[in-house]
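What follows is start36.tsv (TSV, C-alpha atoms).
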```
chain	number	residue	atom	x	y	z
A	1	MET	CA	176.35	-95.42	-11.55
A	2	LYS	CA	175.57	-95.52	-15.24
A	3	ILE	CA	172.79	-93.17	-16.31
A	4	PHE	CA	171.21	-93.22	-19.76
A	5	ILE	CA	168.92	-90.50	-21.13
A	6	THR	CA	166.52	-92.01	-23.64
A	7	MET	CA	165.32	-88.69	-25.13
A	8	PRO	CA	167.10	-87.64	-28.37
A	9	LYS	CA	169.23	-84.50	-28.40
A	10	ASN	CA	166.77	-82.01	-29.86
A	11	ASP	CA	165.24	-78.64	-29.00
A	12	VAL	CA	162.62	-80.16	-26.69
A	13	ALA	CA	165.12	-82.28	-24.77
A	14	ALA	CA	167.35	-79.23	-24.43
A	15	THR	CA	164.67	-77.52	-22.32
A	16	PHE	CA	164.87	-80.38	-19.82
A	17	PHE	CA	168.58	-81.18	-19.95
A	18	THR	CA	169.96	-77.69	-19.53
A	19	PRO	CA	173.57	-77.16	-18.38
A	20	ARG	CA	172.39	-76.95	-14.76
A	21	ALA	CA	170.25	-80.08	-15.09
A	22	MET	CA	173.15	-81.94	-16.71
A	23	GLU	CA	175.42	-80.82	-13.88
A	24	ALA	CA	173.00	-82.44	-11.43
A	25	LEU	CA	172.90	-85.65	-13.47
A	26	ASN	CA	176.68	-85.78	-13.89
A	27	SER	CA	177.07	-85.52	-10.13
A	28	LEU	CA	175.33	-88.89	-9.86
A	29	GLY	CA	177.56	-90.88	-12.19
A	30	GLU	CA	178.46	-91.56	-15.81
A	31	VAL	CA	175.84	-90.05	-18.14
A	32	SER	CA	175.19	-90.91	-21.80
A	33	GLN	CA	172.28	-90.03	-24.08
A	34	ASN	CA	170.27	-91.32	-27.00
A	35	PRO	CA	172.47	-90.73	-30.06
A	36	TYR	CA	169.62	-90.99	-32.56
A	37	ASP	CA	167.32	-88.28	-33.90
A	38	HIS	CA	164.23	-90.24	-32.83
A	39	ASN	CA	162.70	-91.70	-29.69
A	40	MET	CA	164.21	-95.08	-28.97
A	41	THR	CA	162.52	-98.46	-28.97
A	42	VAL	CA	163.02	-100.86	-26.06
A	43	GLU	CA	165.36	-102.88	-28.27
A	44	GLU	CA	167.49	-99.83	-29.05
A	45	VAL	CA	167.73	-98.91	-25.37
A	46	LEU	CA	168.79	-102.45	-24.51
A	47	GLU	CA	171.40	-102.41	-27.26
A	48	LEU	CA	173.07	-99.28	-25.87
A	49	ALA	CA	172.23	-99.33	-22.18
A	50	SER	CA	171.49	-102.86	-20.99
A	51	ASP	CA	173.88	-102.30	-18.07
A	52	ALA	CA	172.46	-98.91	-17.05
A	53	ASP	CA	171.61	-98.34	-13.39
A	54	ILE	CA	169.22	-95.50	-14.18
A	55	LEU	CA	167.12	-94.70	-17.24
A	56	VAL	CA	166.02	-91.09	-17.55
A	57	ALA	CA	162.98	-90.93	-19.85
A	58	GLY	CA	160.69	-88.23	-21.15
A	59	TRP	CA	157.95	-87.50	-23.66
A	60	GLY	CA	157.88	-90.00	-26.49
A	61	THR	CA	159.46	-92.72	-24.40
A	62	CYS	CA	159.08	-96.40	-25.15
A	63	ARG	CA	157.02	-98.39	-22.65
A	64	TYR	CA	158.69	-101.01	-20.51
A	65	SER	CA	156.95	-104.19	-19.37
A	66	LYS	CA	158.11	-106.63	-16.72
A	67	ALA	CA	159.70	-108.78	-19.42
A	68	ASP	CA	161.58	-105.77	-20.82
A	69	LEU	CA	162.93	-104.65	-17.45
A	70	GLU	CA	164.16	-108.14	-16.63
A	71	LYS	CA	166.52	-107.92	-19.62
A	72	PHE	CA	168.51	-105.09	-17.99
A	73	SER	CA	171.36	-106.41	-15.88
A	74	ASN	CA	171.68	-103.58	-13.33
A	75	LEU	CA	168.60	-101.38	-13.72
A	76	LYS	CA	167.45	-99.90	-10.43
A	77	ILE	CA	165.50	-96.75	-11.32
A	78	ILE	CA	163.43	-95.30	-14.14
A	79	ALA	CA	163.25	-91.52	-13.68
A	80	TYR	CA	160.48	-90.08	-15.83
A	81	THR	CA	160.58	-86.34	-16.46
A	82	ALA	CA	156.88	-86.02	-17.33
A	83	GLY	CA	153.49	-86.49	-15.68
A	84	SER	CA	151.43	-89.69	-15.88
A	85	ILE	CA	153.82	-92.65	-15.93
A	86	ALA	CA	151.45	-94.62	-18.19
A	87	PRO	CA	153.67	-94.06	-21.28
A	88	VAL	CA	156.80	-95.44	-19.61
A	89	VAL	CA	155.79	-98.57	-17.65
A	90	THR	CA	153.04	-101.17	-17.74
A	91	ALA	CA	151.29	-102.41	-14.61
A	92	ASP	CA	153.31	-105.61	-14.48
A	93	ALA	CA	156.55	-103.59	-14.43
A	94	TYR	CA	155.76	-103.07	-10.75
A	95	GLU	CA	156.38	-106.78	-10.20
A	96	THR	CA	160.11	-106.08	-10.62
A	97	ASP	CA	162.49	-104.34	-8.21
A	98	VAL	CA	162.86	-101.32	-10.51
A	99	LEU	CA	161.86	-98.12	-8.75
A	100	VAL	CA	159.75	-95.62	-10.69
A	101	LEU	CA	160.30	-91.92	-10.07
A	102	GLY	CA	158.28	-89.28	-11.88
A	103	GLY	CA	157.93	-85.55	-12.28
A	104	ASN	CA	154.17	-85.69	-11.79
A	105	ASP	CA	154.17	-83.53	-8.67
A	106	CYS	CA	156.31	-80.85	-10.34
A	107	PHE	CA	153.98	-80.96	-13.35
A	108	ALA	CA	150.99	-80.79	-11.03
A	109	LYS	CA	152.16	-77.61	-9.31
A	110	SER	CA	152.70	-75.91	-12.65
A	111	VAL	CA	149.32	-77.01	-14.04
A	112	ALA	CA	147.62	-75.86	-10.84
A	113	GLU	CA	149.27	-72.46	-11.26
A	114	GLY	CA	148.03	-72.38	-14.85
A	115	THR	CA	144.53	-73.31	-13.73
A	116	LEU	CA	144.49	-70.41	-11.30
A	117	CYS	CA	145.84	-68.08	-13.98
A	118	TYR	CA	143.15	-69.10	-16.49
A	119	THR	CA	140.41	-68.88	-13.86
A	120	LEU	CA	141.33	-65.33	-12.90
A	121	ALA	CA	141.85	-64.26	-16.51
A	122	ALA	CA	138.44	-65.59	-17.53
A	123	LEU	CA	136.63	-64.08	-14.55
A	124	ARG	CA	138.19	-60.69	-15.22
A	125	ARG	CA	137.57	-61.03	-18.98
A	126	LEU	CA	141.18	-60.15	-19.71
A	127	GLU	CA	141.11	-61.40	-23.30
A	128	HIS	CA	138.15	-59.14	-24.13
A	129	TYR	CA	139.56	-55.99	-22.57
A	130	MET	CA	143.05	-56.54	-23.96
A	131	ALA	CA	141.49	-56.77	-27.43
A	132	VAL	CA	139.52	-53.57	-26.77
A	133	MET	CA	142.75	-51.77	-25.85
A	134	ARG	CA	144.61	-53.02	-28.93
A	135	GLU	CA	141.76	-51.80	-31.13
A	136	GLY	CA	142.03	-48.30	-29.64
A	137	GLY	CA	139.10	-48.59	-27.27
A	138	TRP	CA	138.58	-48.36	-23.55
A	139	LYS	CA	136.41	-50.02	-20.92
A	140	GLU	CA	132.69	-49.39	-20.80
A	141	ARG	CA	131.33	-47.00	-18.15
A	142	VAL	CA	129.60	-50.01	-16.57
A	143	PHE	CA	131.63	-53.17	-17.08
A	144	ALA	CA	131.11	-56.71	-15.87
A	145	ASN	CA	134.30	-58.41	-14.79
A	146	ARG	CA	134.39	-60.60	-11.70
A	147	GLY	CA	136.83	-61.88	-9.08
A	148	LEU	CA	137.37	-65.10	-7.17
A	149	PHE	CA	136.91	-63.89	-3.61
A	150	GLY	CA	134.03	-65.46	-1.71
A	151	LYS	CA	132.92	-67.69	-4.59
A	152	ARG	CA	131.79	-71.30	-4.44
A	153	VAL	CA	134.27	-73.45	-6.36
A	154	GLY	CA	133.66	-77.03	-7.44
A	155	ILE	CA	136.54	-79.42	-8.04
A	156	VAL	CA	135.87	-82.50	-10.20
A	157	GLY	CA	138.53	-85.11	-9.50
A	158	PHE	CA	141.10	-84.84	-6.75
A	159	GLY	CA	144.56	-85.90	-7.88
A	160	ALA	CA	147.85	-84.06	-7.45
A	161	ILE	CA	146.90	-81.05	-9.60
A	162	ALA	CA	143.60	-80.51	-7.79
A	163	LYS	CA	145.30	-80.72	-4.39
A	164	HIS	CA	147.81	-78.04	-5.33
A	165	PHE	CA	145.05	-75.92	-6.88
A	166	VAL	CA	142.91	-76.06	-3.74
A	167	ASN	CA	145.89	-75.10	-1.61
A	168	MET	CA	146.57	-72.14	-3.92
A	169	ILE	CA	143.00	-70.79	-3.78
A	170	ARG	CA	142.32	-71.19	-0.05
A	171	TRP	CA	143.41	-67.59	0.50
A	172	TYR	CA	140.36	-66.39	-1.46
A	173	ASP	CA	137.92	-67.30	1.34
A	174	LEU	CA	136.01	-69.78	-0.80
A	175	ASP	CA	133.39	-72.43	-0.30
A	176	VAL	CA	135.10	-75.43	-1.94
A	177	LEU	CA	133.19	-78.55	-2.99
A	178	ILE	CA	135.02	-81.65	-4.23
A	179	TYR	CA	133.71	-84.59	-6.23
A	180	SER	CA	135.98	-87.62	-6.02
A	181	SER	CA	135.30	-91.35	-5.82
A	182	HIS	CA	138.21	-91.90	-3.42
A	183	LEU	CA	137.95	-88.87	-1.09
A	184	SER	CA	136.35	-88.91	2.35
A	185	ASN	CA	134.77	-85.92	4.05
A	186	GLU	CA	137.48	-86.11	6.70
A	187	GLU	CA	140.24	-85.87	4.09
A	188	ALA	CA	138.44	-83.07	2.22
A	189	ALA	CA	138.17	-81.11	5.46
A	190	LYS	CA	141.99	-81.05	5.68
A	191	TYR	CA	141.86	-78.89	2.54
A	192	GLY	CA	139.15	-76.62	3.90
A	193	ALA	CA	136.59	-78.28	1.62
A	194	ARG	CA	133.76	-80.81	1.67
A	195	THR	CA	132.72	-83.57	-0.68
A	196	ALA	CA	129.69	-83.11	-2.91
A	197	SER	CA	127.84	-84.76	-5.76
A	198	LEU	CA	128.36	-83.69	-9.35
A	199	GLU	CA	124.78	-82.43	-9.39
A	200	GLU	CA	125.40	-80.12	-6.42
A	201	ILE	CA	128.64	-78.83	-7.91
A	202	PHE	CA	127.20	-78.05	-11.34
A	203	SER	CA	123.98	-76.50	-10.04
A	204	THR	CA	125.47	-74.29	-7.32
A	205	CYS	CA	129.13	-73.43	-8.05
A	206	ASP	CA	130.39	-70.17	-9.53
A	207	VAL	CA	133.57	-71.85	-10.81
A	208	ILE	CA	133.91	-75.53	-11.74
A	209	SER	CA	137.42	-76.83	-12.34
A	210	ILE	CA	137.91	-80.20	-14.05
A	211	HIS	CA	140.79	-82.36	-12.79
A	212	ALA	CA	139.56	-85.89	-13.52
A	213	SER	CA	141.99	-88.27	-15.22
A	214	ASP	CA	141.51	-89.77	-18.68
A	215	ILE	CA	140.37	-93.24	-17.64
A	216	PRO	CA	137.37	-95.07	-19.15
A	217	LYS	CA	135.01	-94.51	-16.21
A	218	ASN	CA	135.53	-90.75	-16.49
A	219	HIS	CA	134.84	-90.42	-20.22
A	220	GLY	CA	131.87	-88.11	-20.73
A	221	MET	CA	131.53	-87.59	-16.97
A	222	VAL	CA	130.71	-83.91	-17.51
A	223	SER	CA	127.51	-84.57	-19.39
A	224	ARG	CA	125.00	-82.38	-21.19
A	225	GLU	CA	122.64	-82.83	-18.24
A	226	LEU	CA	125.22	-81.56	-15.75
A	227	MET	CA	126.23	-78.56	-17.87
A	228	ALA	CA	122.57	-77.66	-18.31
A	229	MET	CA	122.43	-77.15	-14.53
A	230	MET	CA	125.10	-74.44	-14.56
A	231	GLN	CA	124.28	-70.88	-13.59
A	232	PRO	CA	124.43	-68.32	-16.45
A	233	ASP	CA	127.53	-66.60	-15.02
A	234	ALA	CA	129.29	-69.81	-13.97
A	235	LEU	CA	132.77	-70.60	-15.29
A	236	LEU	CA	133.86	-74.08	-16.41
A	237	VAL	CA	137.65	-74.56	-16.43
A	238	ASN	CA	139.22	-77.64	-18.03
A	239	THR	CA	142.97	-78.18	-17.77
A	240	ALA	CA	142.55	-81.97	-17.52
A	241	ARG	CA	141.37	-83.91	-20.57
A	242	ALA	CA	138.68	-83.19	-23.16
A	243	SER	CA	137.44	-86.79	-22.98
A	244	VAL	CA	136.01	-86.06	-19.53
A	245	VAL	CA	133.53	-83.60	-21.08
A	246	ASP	CA	130.73	-84.07	-23.63
A	247	MET	CA	132.41	-81.76	-26.14
A	248	VAL	CA	129.45	-81.72	-28.54
A	249	ALA	CA	127.20	-80.42	-25.78
A	250	LEU	CA	129.87	-77.99	-24.58
A	251	ARG	CA	130.15	-76.41	-28.04
A	252	GLU	CA	126.40	-76.04	-28.34
A	253	MET	CA	126.00	-74.50	-24.91
A	254	LEU	CA	128.88	-72.07	-25.28
A	255	LEU	CA	127.54	-70.94	-28.66
A	256	ASP	CA	124.17	-70.35	-26.96
A	257	GLY	CA	125.88	-68.32	-24.22
A	258	LYS	CA	124.74	-70.66	-21.44
A	259	PHE	CA	127.88	-70.10	-19.32
A	260	TYR	CA	131.59	-69.22	-19.55
A	261	ALA	CA	134.59	-71.48	-20.07
A	262	ALA	CA	138.37	-71.51	-19.93
A	263	LEU	CA	139.69	-74.43	-21.97
A	264	ASP	CA	143.23	-75.75	-22.32
A	265	VAL	CA	142.37	-79.17	-23.79
A	266	TYR	CA	140.29	-80.24	-26.80
A	267	ASP	CA	138.91	-83.38	-28.41
A	268	LYS	CA	141.00	-82.59	-31.50
A	269	GLU	CA	144.33	-80.84	-31.00
A	270	PRO	CA	144.74	-78.41	-32.51
A	271	PRO	CA	141.04	-77.72	-33.09
A	272	LEU	CA	140.04	-77.21	-36.70
A	273	VAL	CA	140.27	-73.66	-37.96
A	274	ASP	CA	136.48	-73.57	-38.31
A	275	ASP	CA	135.79	-75.25	-34.96
A	276	PRO	CA	132.80	-73.40	-33.42
A	277	LEU	CA	134.74	-73.05	-30.18
A	278	ARG	CA	136.98	-70.50	-31.87
A	279	GLN	CA	133.94	-68.25	-32.36
A	280	CYS	CA	132.80	-68.33	-28.73
A	281	LYS	CA	133.29	-64.93	-27.12
A	282	ASN	CA	132.48	-66.47	-23.73
A	283	ALA	CA	135.38	-68.93	-23.88
A	284	LEU	CA	139.02	-68.31	-23.04
A	285	LEU	CA	140.92	-70.72	-25.30
A	286	ILE	CA	144.52	-71.75	-24.53
A	287	PRO	CA	146.49	-74.11	-26.85
A	288	HIS	CA	147.22	-76.86	-24.29
A	289	MET	CA	149.86	-74.93	-22.36
A	290	GLY	CA	148.69	-75.55	-18.80
A	291	GLY	CA	151.98	-76.90	-17.62
A	292	PRO	CA	154.69	-77.31	-16.96
A	293	THR	CA	156.00	-73.94	-17.98
A	294	ILE	CA	159.31	-74.19	-19.82
A	295	ASP	CA	161.35	-73.09	-16.82
A	296	MET	CA	159.90	-75.96	-14.76
A	297	ARG	CA	161.37	-78.61	-17.07
A	298	GLU	CA	164.88	-78.03	-15.80
A	299	VAL	CA	163.54	-78.09	-12.24
A	300	ILE	CA	161.95	-81.51	-12.79
A	301	VAL	CA	165.30	-83.05	-13.77
A	302	GLN	CA	167.03	-81.40	-10.81
A	303	GLU	CA	164.34	-82.62	-8.40
A	304	LEU	CA	164.57	-86.19	-9.70
A	305	CYS	CA	168.33	-86.04	-9.18
A	306	LYS	CA	167.73	-85.02	-5.56
A	307	ASP	CA	165.46	-88.04	-5.13
A	308	ILE	CA	168.10	-90.36	-6.57
A	309	LYS	CA	170.54	-89.02	-3.98
A	310	ARG	CA	167.93	-89.65	-1.28
A	311	TRP	CA	167.59	-93.21	-2.56
A	312	GLU	CA	171.36	-93.70	-2.38
A	313	LYS	CA	171.30	-92.58	1.26
A	314	GLY	CA	168.26	-94.68	2.15
A	315	GLU	CA	166.19	-91.57	2.86
A	316	PRO	CA	162.43	-91.14	2.18
A	317	LEU	CA	161.67	-90.31	-1.44
A	318	GLN	CA	159.57	-87.39	-2.67
A	319	TYR	CA	158.91	-88.39	-6.28
A	320	GLU	CA	158.35	-92.15	-6.16
A	321	ILE	CA	155.26	-93.26	-8.11
A	322	PRO	CA	153.91	-96.35	-6.33
A	323	LEU	CA	151.44	-98.65	-8.04
A	324	GLU	CA	148.49	-97.32	-6.03
A	325	ALA	CA	149.21	-93.84	-7.41
A	326	ALA	CA	149.95	-95.08	-10.92
A	327	VAL	CA	146.55	-96.75	-11.34
A	328	ARG	CA	144.82	-93.36	-10.97
A	329	MET	CA	146.95	-91.72	-13.67
A	330	THR	CA	145.74	-90.99	-17.18
A	331	GLY	CA	146.17	-93.96	-19.51
A	332	PHE	CA	147.75	-96.37	-17.02
A	333	LYS	CA	147.05	-100.08	-17.41
```
Starting from the file, lay out its structure as structure tokens.
Amino acid sequence: MKIFITMPKNDVAATFFTPRAMEALNSLGEVSQNPYDHNMTVEEVLELASDADILVAGWGTCRYSKADLEKFSNLKIIAYTAGSIAPVVTADAYETDVLVLGGNDCFAKSVAEGTLCYTLAALRRLEHYMAVMREGGWKERVFANRGLFGKRVGIVGFGAIAKHFVNMIRWYDLDVLIYSSHLSNEEAAKYGARTASLEEIFSTCDVISIHASDIPKNHGMVSRELMAMMQPDALLVNTARASVVDMVALREMLLDGKFYAALDVYDKEPPLVDDPLRQCKNALLIPHMGGPTIDMREVIVQELCKDIKRWEKGEPLQYEIPLEAAVRMTGFK
């Protein structure tokens, strides 16, 4: 098989295509890579790899439509080493026989791990007490950190990340409520949870974790009215997309000390130096690093290679992104 990597050879690509990842790719067939110092256009890919059997794409990829894919003579698989496959294929690309594989599940596990990390760090006020230590201080005689055990946790949106997150936190003996337009009570029960309205989640939960995708119907879903229902000690965690939240209201409420937050995503990235969020002592701010961690990038390539071998053998695939999954991903159309 002929395999073509569309990412340029740079420091970012090197974190994906490590020697071990390249060994896995080379075991599949003849591998070549983008020779340019920029992300390729569809035309450039066709010029160099029109006879490729497999395209391996990543961040910054060009987007292939049905018409584009029909110009490749042998293309069988697009293996995408990132999350939402919206940047790499259009909806009508699914009308072709080209199989789409993606690293979304690997990404999801890593983001879920990050979500748990940020939740625990915010509850225990790690940023505050680490700063106290660095400044020569010590904890107060009566301090006010908290844990996750026995809490009520609300999940807004229930895609791959949320599913992994719920599985990770089940050990904490929690009452888990899930808001999702496509989840039944029976399915929620399989995760030890139940479905609930947004109003119930925001008015009763100790921790609210946002996992809704960046699609038009979700924009502004977490409204001023919902956030106003939150308990004073409640924690809002967002590792999804800032567009899901009314960010103007969030800034105002955090500045007023209405609740706590752990944020990994912002309406402007990076936020302005004088963004009021940077002054909020009740907000744990992370510069969009929820996942995947760097060491997971190599794993994603290796896992996609395993799926390609499964495909060759006619075995069930683990990382296929069917159309019904794609339509729920951020930005897909």
Could you tell me how far atom CA of A:Val88 lies from atom CA of A:Tyr179, in Å and to one decimal?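 Result for atom CA of A:Val88 versus atom CA of A:Tyr179: 28.8 Å, one decimal.
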Answer as a PyMOL selection string, residues within 6 Å of (158.3, -97.2, -28.1) using all atoms listed in the file: chain A and resi 41+61-63
Go ahead and write the selection's residues with C-alpha atoms as an mmCIF file, in the frame of the given file.
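Result file again.cif:
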```cif
data_model
loop_
_atom_site.group_PDB
_atom_site.id
_atom_site.type_symbol
_atom_site.label_atom_id
_atom_site.label_comp_id
_atom_site.auth_asym_id
_atom_site.auth_seq_id
_atom_site.Cartn_x
_atom_site.Cartn_y
_atom_site.Cartn_z
ATOM 1 C CA THR A 41 162.520 -98.460 -28.970
ATOM 2 C CA THR A 61 159.460 -92.720 -24.400
ATOM 3 C CA CYS A 62 159.080 -96.400 -25.150
ATOM 4 C CA ARG A 63 157.020 -98.390 -22.650
#
```
Write out as a list in words the residues lying within 8 Å of A:Lys333, counting only C-alpha atoms and excluding same-chain residues fewer than 4 positions away.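 Those residues are Ala86, Thr90, Ala91 and Val327 of chain A.
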Nearby residues (all atoms listed in the file) at most 12 Å from A:Met22, same-chain spacing under 4 positions excluded, as a PDB file with C-alpha atoms, in the frame of the given file:
```
ATOM      1  CA  ILE A   3     172.790 -93.170 -16.310  1.00  0.00           C
ATOM      2  CA  PHE A   4     171.210 -93.220 -19.760  1.00  0.00           C
ATOM      3  CA  ILE A   5     168.920 -90.500 -21.130  1.00  0.00           C
ATOM      4  CA  ALA A  13     165.120 -82.280 -24.770  1.00  0.00           C
ATOM      5  CA  ALA A  14     167.350 -79.230 -24.430  1.00  0.00           C
ATOM      6  CA  THR A  15     164.670 -77.520 -22.320  1.00  0.00           C
ATOM      7  CA  PHE A  16     164.870 -80.380 -19.820  1.00  0.00           C
ATOM      8  CA  PHE A  17     168.580 -81.180 -19.950  1.00  0.00           C
ATOM      9  CA  THR A  18     169.960 -77.690 -19.530  1.00  0.00           C
ATOM     10  CA  ASN A  26     176.680 -85.780 -13.890  1.00  0.00           C
ATOM     11  CA  SER A  27     177.070 -85.520 -10.130  1.00  0.00           C
ATOM     12  CA  LEU A  28     175.330 -88.890  -9.860  1.00  0.00           C
ATOM     13  CA  GLY A  29     177.560 -90.880 -12.190  1.00  0.00           C
ATOM     14  CA  GLU A  30     178.460 -91.560 -15.810  1.00  0.00           C
ATOM     15  CA  VAL A  31     175.840 -90.050 -18.140  1.00  0.00           C
ATOM     16  CA  SER A  32     175.190 -90.910 -21.800  1.00  0.00           C
ATOM     17  CA  GLN A  33     172.280 -90.030 -24.080  1.00  0.00           C
ATOM     18  CA  VAL A  56     166.020 -91.090 -17.550  1.00  0.00           C
ATOM     19  CA  GLU A 298     164.880 -78.030 -15.800  1.00  0.00           C
ATOM     20  CA  VAL A 299     163.540 -78.090 -12.240  1.00  0.00           C
ATOM     21  CA  ILE A 300     161.950 -81.510 -12.790  1.00  0.00           C
ATOM     22  CA  VAL A 301     165.300 -83.050 -13.770  1.00  0.00           C
ATOM     23  CA  GLN A 302     167.030 -81.400 -10.810  1.00  0.00           C
ATOM     24  CA  LEU A 304     164.570 -86.190  -9.700  1.00  0.00           C
ATOM     25  CA  CYS A 305     168.330 -86.040  -9.180  1.00  0.00           C
TER      26      CYS A 305
END
```
So that I can check the surroundings of stretch 158-161 of chain A, please list as JSON, numbers by chain every protein, DNA and RNA residue that reaches within 12 Å of it, counting all atoms listed in the file and ignoring chain neighbours fewer than 5 positions away. {"A": [83, 84, 103, 104, 105, 106, 107, 108, 109, 110, 111, 112, 113, 114, 115, 116, 166, 167, 168, 177, 178, 179, 180, 181, 182, 183, 184, 187, 188, 191, 193, 194, 195, 209, 210, 211, 212, 213, 214, 238, 239, 240, 290, 291, 292, 319, 321, 325, 326, 327, 328, 329, 330]}
Check the smallest atom-to-atom distance from each of A:Pro322, A:Pro8, A:Gly157, A:Gly60 to A:Asp97 using all atoms listed in the file, then report the winner. A:Pro322
When you look at A:Leu226 with a cut-off of 9 Å (counting all atoms listed in the file), what residues show up, excluding the ones that are within fewer than 4 positions of it in the same chain? I need them as a PyMOL selection string. chain A and resi 198-199+201-203+221-222+230
Please measure the separation of atom CA of A:Pro216 and atom CA of A:Asp92, giving the value in Å to one decimal. 19.7 Å
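Distance annotation: of A:Thr6, A:Glu23, A:Asp53, A:Asp295, the residue with the minimal separation from A:Pro35 is A:Thr6; atom set is all atoms listed in the file.
Residue neighbourhood of A:Ala93, excluding near-sequence residues (fewer than 5 positions): Arg63, Tyr64, Ser65, Lys66, Ala67, Asp68, Leu69, Glu70, Val88, Val98, Leu99, Val100 and Leu323 of chain A, at 10 Å, using all atoms listed in the file.
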